[in-house]
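Note: the block below is target_4.pdb and it holds PDB, C-alpha atoms.
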```
ATOM      1  CA  MET I   1      76.022  76.004  58.171
ATOM      2  CA  PRO I   2      72.223  76.010  57.790
ATOM      3  CA  ALA I   3      70.266  73.039  59.124
ATOM      4  CA  THR I   4      66.693  71.898  58.716
ATOM      5  CA  ALA I   5      64.489  71.849  61.827
ATOM      6  CA  TYR I   6      60.785  71.167  62.225
ATOM      7  CA  LEU I   7      58.106  73.162  63.996
ATOM      8  CA  LEU I   8      55.341  70.997  65.420
ATOM      9  CA  GLY I   9      51.993  72.494  66.380
ATOM     10  CA  PHE I  10      49.292  70.662  68.344
ATOM     11  CA  THR I  11      45.809  71.538  69.436
ATOM     12  CA  ASP I  12      44.033  69.788  72.277
ATOM     13  CA  PHE I  13      47.249  67.889  73.008
ATOM     14  CA  ASN I  14      45.776  66.205  76.122
ATOM     15  CA  ASN I  15      42.561  65.287  74.278
ATOM     16  CA  ASN I  16      40.347  67.261  76.680
ATOM     17  CA  ASN I  17      37.734  68.126  74.055
ATOM     18  CA  PRO I  18      35.625  65.625  72.136
ATOM     19  CA  ASP I  19      36.871  65.603  68.571
ATOM     20  CA  ILE I  20      35.683  63.320  65.803
ATOM     21  CA  ASN I  21      38.984  63.489  63.882
ATOM     22  CA  LEU I  22      42.196  63.526  65.960
ATOM     23  CA  PHE I  23      44.405  63.207  62.878
ATOM     24  CA  ASN I  24      44.024  66.866  61.891
ATOM     25  CA  ASN I  25      44.983  68.267  65.336
ATOM     26  CA  SER I  26      48.658  68.679  64.467
ATOM     27  CA  VAL I  27      50.756  70.288  61.806
ATOM     28  CA  MET I  28      54.452  70.139  60.961
ATOM     29  CA  LYS I  29      56.510  72.698  59.045
ATOM     30  CA  ALA I  30      60.155  72.472  57.956
ATOM     31  CA  ILE I  31      62.280  75.574  58.631
ATOM     32  CA  THR I  32      65.918  76.409  57.931
ATOM     33  CA  VAL I  33      67.995  77.438  60.953
ATOM     34  CA  SER I  34      71.213  79.372  60.343
ATOM     35  CA  SER I  35      73.849  79.958  62.986
ATOM     36  CA  VAL I  36      74.553  83.477  64.128
ATOM     37  CA  PRO I  37      78.076  84.662  63.327
ATOM     38  CA  THR I  38      80.179  84.696  66.482
ATOM     39  CA  PRO I  39      83.500  86.207  67.449
ATOM     40  CA  ASP I  40      86.472  83.875  67.715
ATOM     41  CA  ILE I  41      89.233  84.992  70.055
ATOM     42  CA  ALA I  42      92.539  83.338  69.130
ATOM     43  CA  VAL I  43      96.015  83.562  70.637
ATOM     44  CA  THR I  44      98.040  84.387  67.535
ATOM     45  CA  GLU I  45     101.411  84.962  69.228
ATOM     46  CA  ALA I  46     102.987  84.129  72.592
ATOM     47  CA  VAL I  47     106.652  84.696  73.427
ATOM     48  CA  LEU I  48     108.557  84.396  76.695
ATOM     49  CA  LEU I  49     110.803  87.420  77.141
ATOM     50  CA  ASP I  50     112.908  85.924  79.959
ATOM     51  CA  ASP I  51     114.289  82.662  81.222
ATOM     52  CA  VAL I  52     111.875  81.154  83.720
ATOM     53  CA  VAL I  53     113.557  81.154  87.128
ATOM     54  CA  ALA I  54     111.422  79.930  90.026
ATOM     55  CA  GLY I  55     110.589  82.767  92.399
ATOM     56  CA  GLN I  56     111.748  85.481  89.959
ATOM     57  CA  PRO I  57     109.666  87.727  87.661
ATOM     58  CA  THR I  58     109.079  86.368  84.152
ATOM     59  CA  GLN I  59     107.441  88.206  81.252
ATOM     60  CA  LEU I  60     105.195  86.749  78.560
ATOM     61  CA  ALA I  61     104.241  88.895  75.535
ATOM     62  CA  TYR I  62     101.183  87.801  73.592
ATOM     63  CA  THR I  63      98.732  88.843  70.903
ATOM     64  CA  VAL I  64      95.051  87.945  70.690
ATOM     65  CA  THR I  65      93.103  88.342  67.431
ATOM     66  CA  ASN I  66      89.386  88.176  66.654
ATOM     67  CA  VAL I  67      89.439  85.648  63.792
ATOM     68  CA  GLY I  68      85.660  85.204  63.920
ATOM     69  CA  GLU I  69      82.880  86.533  61.722
ATOM     70  CA  GLN I  70      81.428  88.911  64.327
ATOM     71  CA  ALA I  71      82.867  92.002  66.004
ATOM     72  CA  ILE I  72      83.315  92.165  69.764
ATOM     73  CA  ASN I  73      81.812  95.322  71.253
ATOM     74  CA  GLN I  74      82.576  96.491  74.781
ATOM     75  CA  GLN I  75      83.077  92.996  76.217
ATOM     76  CA  THR I  76      84.982  92.023  79.356
ATOM     77  CA  TRP I  77      86.878  88.776  79.830
ATOM     78  CA  ARG I  78      89.988  87.337  81.475
ATOM     79  CA  ASP I  79      93.268  86.112  80.050
ATOM     80  CA  LYS I  80      95.132  83.696  82.351
ATOM     81  CA  VAL I  81      98.511  81.985  82.603
ATOM     82  CA  PHE I  82      98.905  78.581  84.267
ATOM     83  CA  LEU I  83     101.851  76.362  85.187
ATOM     84  CA  SER I  84     101.308  72.779  84.045
ATOM     85  CA  ALA I  85     103.143  69.460  84.038
ATOM     86  CA  ASN I  86     101.788  68.811  80.505
ATOM     87  CA  SER I  87     100.673  70.751  77.440
ATOM     88  CA  THR I  88      96.942  70.353  78.115
ATOM     89  CA  TYR I  89      95.070  72.700  80.448
ATOM     90  CA  GLY I  90      93.457  70.945  83.422
ATOM     91  CA  SER I  91      91.972  71.817  86.795
ATOM     92  CA  GLU I  92      95.166  70.661  88.544
ATOM     93  CA  ASP I  93      97.230  73.382  86.830
ATOM     94  CA  ILE I  94      98.461  76.291  88.946
ATOM     95  CA  GLU I  95      97.115  79.721  88.054
ATOM     96  CA  LEU I  96      99.970  82.236  87.945
ATOM     97  CA  ILE I  97      98.210  85.427  86.826
ATOM     98  CA  THR I  98      94.830  86.717  85.651
ATOM     99  CA  LYS I  99      94.585  89.726  83.349
ATOM    100  CA  PRO I 100      91.141  91.354  83.238
ATOM    101  CA  CYS I 101      90.374  92.659  79.741
ATOM    102  CA  GLN I 102      87.861  95.461  80.280
ATOM    103  CA  ASN I 103      85.441  96.874  77.683
ATOM    104  CA  VAL I 104      87.285  95.406  74.708
ATOM    105  CA  THR I 105      86.146  96.189  71.185
ATOM    106  CA  LEU I 106      87.664  94.103  68.387
ATOM    107  CA  ALA I 107      86.399  94.193  64.815
ATOM    108  CA  GLN I 108      86.874  91.103  62.693
ATOM    109  CA  GLY I 109      90.651  90.732  62.191
ATOM    110  CA  ASP I 110      91.609  93.241  64.922
ATOM    111  CA  SER I 111      93.935  92.285  67.747
ATOM    112  CA  TYR I 112      95.447  93.471  71.002
ATOM    113  CA  SER I 113      98.842  92.777  72.519
ATOM    114  CA  ASP I 114      99.914  92.722  76.130
ATOM    115  CA  THR I 115     102.811  91.667  78.344
ATOM    116  CA  LEU I 116     102.186  89.832  81.603
ATOM    117  CA  THR I 117     104.663  89.688  84.478
ATOM    118  CA  PHE I 118     104.419  86.783  86.910
ATOM    119  CA  ALA I 119     106.605  84.364  88.886
ATOM    120  CA  VAL I 120     106.642  80.582  88.936
ATOM    121  CA  PRO I 121     106.501  79.679  92.633
ATOM    122  CA  LEU I 122     109.307  77.897  94.426
ATOM    123  CA  PRO I 123     110.240  75.002  94.429
ATOM    124  CA  TYR I 124     108.986  74.120  90.903
ATOM    125  CA  SER I 125     111.752  73.286  88.470
ATOM    126  CA  GLY I 126     112.511  71.295  85.327
ATOM    127  CA  SER I 127     110.492  70.687  82.176
ATOM    128  CA  MET I 128     107.035  72.234  82.504
ATOM    129  CA  TYR I 129     104.534  74.211  80.422
ATOM    130  CA  LEU I 130     103.171  77.713  80.672
ATOM    131  CA  ILE I 131      99.604  77.683  79.371
ATOM    132  CA  LEU I 132      98.147  80.969  78.156
ATOM    133  CA  LYS I 133      94.362  80.899  78.009
ATOM    134  CA  ALA I 134      92.667  83.915  76.372
ATOM    135  CA  ASN I 135      88.997  84.522  77.186
ATOM    136  CA  ALA I 136      89.332  81.976  79.996
ATOM    137  CA  ASN I 137      85.734  82.549  81.146
ATOM    138  CA  ASN I 138      84.270  82.219  77.581
ATOM    139  CA  ASN I 139      82.604  85.609  77.692
ATOM    140  CA  PRO I 140      81.959  86.645  74.971
ATOM    141  CA  TYR I 141      80.592  83.296  73.884
ATOM    142  CA  GLU I 142      82.601  81.511  71.200
ATOM    143  CA  VAL I 143      81.722  78.382  69.243
ATOM    144  CA  ASN I 144      85.425  77.553  68.798
ATOM    145  CA  THR I 145      87.574  77.801  71.940
ATOM    146  CA  ASP I 146      90.342  75.462  70.706
ATOM    147  CA  ASN I 147      92.472  78.396  69.524
ATOM    148  CA  ASN I 148      92.187  80.310  72.826
ATOM    149  CA  THR I 149      94.922  78.268  74.493
ATOM    150  CA  VAL I 150      98.645  78.043  73.791
ATOM    151  CA  ALA I 151     101.102  75.844  75.701
ATOM    152  CA  LEU I 152     104.724  76.983  75.835
ATOM    153  CA  PRO I 153     107.317  74.395  76.894
ATOM    154  CA  VAL I 154     109.712  75.853  79.462
ATOM    155  CA  ASN I 155     112.627  74.746  81.574
ATOM    156  CA  VAL I 156     111.992  76.220  85.024
ATOM    157  CA  ILE I 157     115.344  77.006  86.608
ATOM    158  CA  LEU I 158     115.723  76.569  90.344
ATOM    159  CA  THR I 159     118.665  78.625  91.561
ATOM    160  CA  ASP I 160     120.800  77.489  94.428
ATOM    161  CA  PRO I 161     119.486  78.989  97.637
ATOM    162  CA  GLY I 162     121.637  81.627  99.225
ATOM    163  CA  ASP I 163     123.601  80.799 102.358
ATOM    164  CA  LEU I 164     123.294  83.695 104.766
ATOM    165  CA  VAL I 165     125.954  83.645 107.449
ATOM    166  CA  VAL I 166     126.189  85.952 110.458
ATOM    167  CA  THR I 167     129.870  86.669 110.997
ATOM    168  CA  ASP I 168     129.724  89.064 113.901
ATOM    169  CA  ILE I 169     127.258  90.428 116.433
ATOM    170  CA  THR I 170     127.854  93.411 118.706
ATOM    171  CA  SER I 171     125.940  94.879 121.621
ATOM    172  CA  GLU I 172     126.544  96.443 124.996
ATOM    173  CA  SER I 173     127.920  93.890 127.414
ATOM    174  CA  THR I 174     125.475  94.885 130.156
ATOM    175  CA  VAL I 175     121.941  96.192 130.030
ATOM    176  CA  GLN I 176     119.404  97.195 132.646
ATOM    177  CA  SER I 177     116.011  95.454 132.607
ATOM    178  CA  GLY I 178     113.415  97.545 130.738
ATOM    179  CA  SER I 179     115.953  99.630 128.812
ATOM    180  CA  MET I 180     116.907  99.510 125.139
ATOM    181  CA  LEU I 181     119.561  97.089 123.962
ATOM    182  CA  HIS I 182     121.362  98.151 120.794
ATOM    183  CA  VAL I 183     122.422  95.213 118.618
ATOM    184  CA  SER I 184     124.161  95.145 115.226
ATOM    185  CA  TRP I 185     125.473  92.322 113.097
ATOM    186  CA  ASN I 186     127.394  91.577 109.944
TER     187      ASN I 186
END
```
Reformat the file's structure so that it appears as structure tokens.
Amino acid sequence: MPATAYLLGFTDFNNNNPDINLFNNSVMKAITVSSVPTPDIAVTEAVLLDDVVAGQPTQLAYTVTNVGEQAINQQTWRDKVFLSANSTYGSEDIELITKPCQNVTLAQGDSYSDTLTFAVPLPYSGSMYLILKANANNNPYEVNTDNNTVALPVNVILTDPGDLVVTDITSESTVQSGSMLHVSWN
């Protein structure tokens, strides 16, 4: 949206020269300033492909679209996924994966899709959020970054830990110091 701004010009601003009329030492001119069209990277789809089990691989498929008025030419940025206790991204959230997007070109309306594989660390469990943040470093610059982030509610499953039990151990009954001892177990 165009806005009006004013250019101000002054001569002898510090009044270093004797001048009989100081009132004609400045001029003002109104100009119209228009914003430059910018790209607008938006997450337009995000779908979990698996149940989220702590410590196990999980896949997230997503699509990012340039919904802005300007094309993106050979830009590099990062898409990131975070684990959060709430639906709003914050510095306390845990980064799970970073996907570098290298030399991306997206015309207005074009998109790219990707699938990220990551694991929620143990011992997190229960109701949480996975937050996908496209163009996490805001390069290329966007005026609107509100549509870069999507929060997906998830129930992180914590499986019962295994119970490993040794049932038998075998070895030679005597061994000489400095020699190999062969041991096996079940």
key: Picked residues, the PyMOL selection byres ((chain I and resi 51) around 9), expected as number ranges by chain   = I: 48-50, 52-53, 58-59, 154-157
Go ahead and write the selection's residues with C-alpha atoms as a PDB file, keeping the file's coordinate frame.
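Written output follows (part.pdb):
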```pdb
ATOM      1  CA  LEU I  48     108.557  84.396  76.695  1.00  0.00           C
ATOM      2  CA  LEU I  49     110.803  87.420  77.141  1.00  0.00           C
ATOM      3  CA  ASP I  50     112.908  85.924  79.959  1.00  0.00           C
ATOM      4  CA  VAL I  52     111.875  81.154  83.720  1.00  0.00           C
ATOM      5  CA  VAL I  53     113.557  81.154  87.128  1.00  0.00           C
ATOM      6  CA  THR I  58     109.079  86.368  84.152  1.00  0.00           C
ATOM      7  CA  GLN I  59     107.441  88.206  81.252  1.00  0.00           C
ATOM      8  CA  VAL I 154     109.712  75.853  79.462  1.00  0.00           C
ATOM      9  CA  ASN I 155     112.627  74.746  81.574  1.00  0.00           C
ATOM     10  CA  VAL I 156     111.992  76.220  85.024  1.00  0.00           C
ATOM     11  CA  ILE I 157     115.344  77.006  86.608  1.00  0.00           C
TER      12      ILE I 157
END
```
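Of the listed residues I:Phe10, I:Phe118, I:Tyr112, I:Tyr124, the one whose atoms come nearest to Val81 in chain I is I:Phe118, with distances taken using all atoms listed in the file.
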task = Please evaluate the PyMOL selection byres ((chain I and resi 88-96) around 10) against the structure above and give the resulting residues as a ChimeraX atom specification.
result = /I:80-87,97-98,117-121,129-133,149-151
message = Please compute the CA of Asn103 in chain I-CA of Ile72 in chain I distance, one decimal, in Å.
response = 9.5 Å
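Here the PyMOL selection byres ((chain I and resi 113) around 7) matches the residues Tyr62, Thr63, Val64, Ser111, Tyr112 and Asp114 of chain I.
Using all atoms listed in the file, the smallest distance between any of I:Ala61, I:Ala30, I:Leu164, I:Leu158 and Ser125 in chain I comes from I:Leu158.
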query = Hey, which of I:Pro57, I:Asp12, I:Pro2, I:Leu22 ends up closest to Ser35 in chain I? Count all atoms listed in the file.
reply = I:Pro2
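CA of Asn16 in chain I to CA of Lys29 in chain I spans 24.5 Å [interatomic distance, one decimal].
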request  = Would you list the residues near (89.7, 90.4, 77.2) (no more than 10 Å away, in the coordinates of the file, using all atoms listed in the file) as a PyMOL selection string?
outcome  = chain I and resi 41+64+72+74-79+99-106+112+134-140
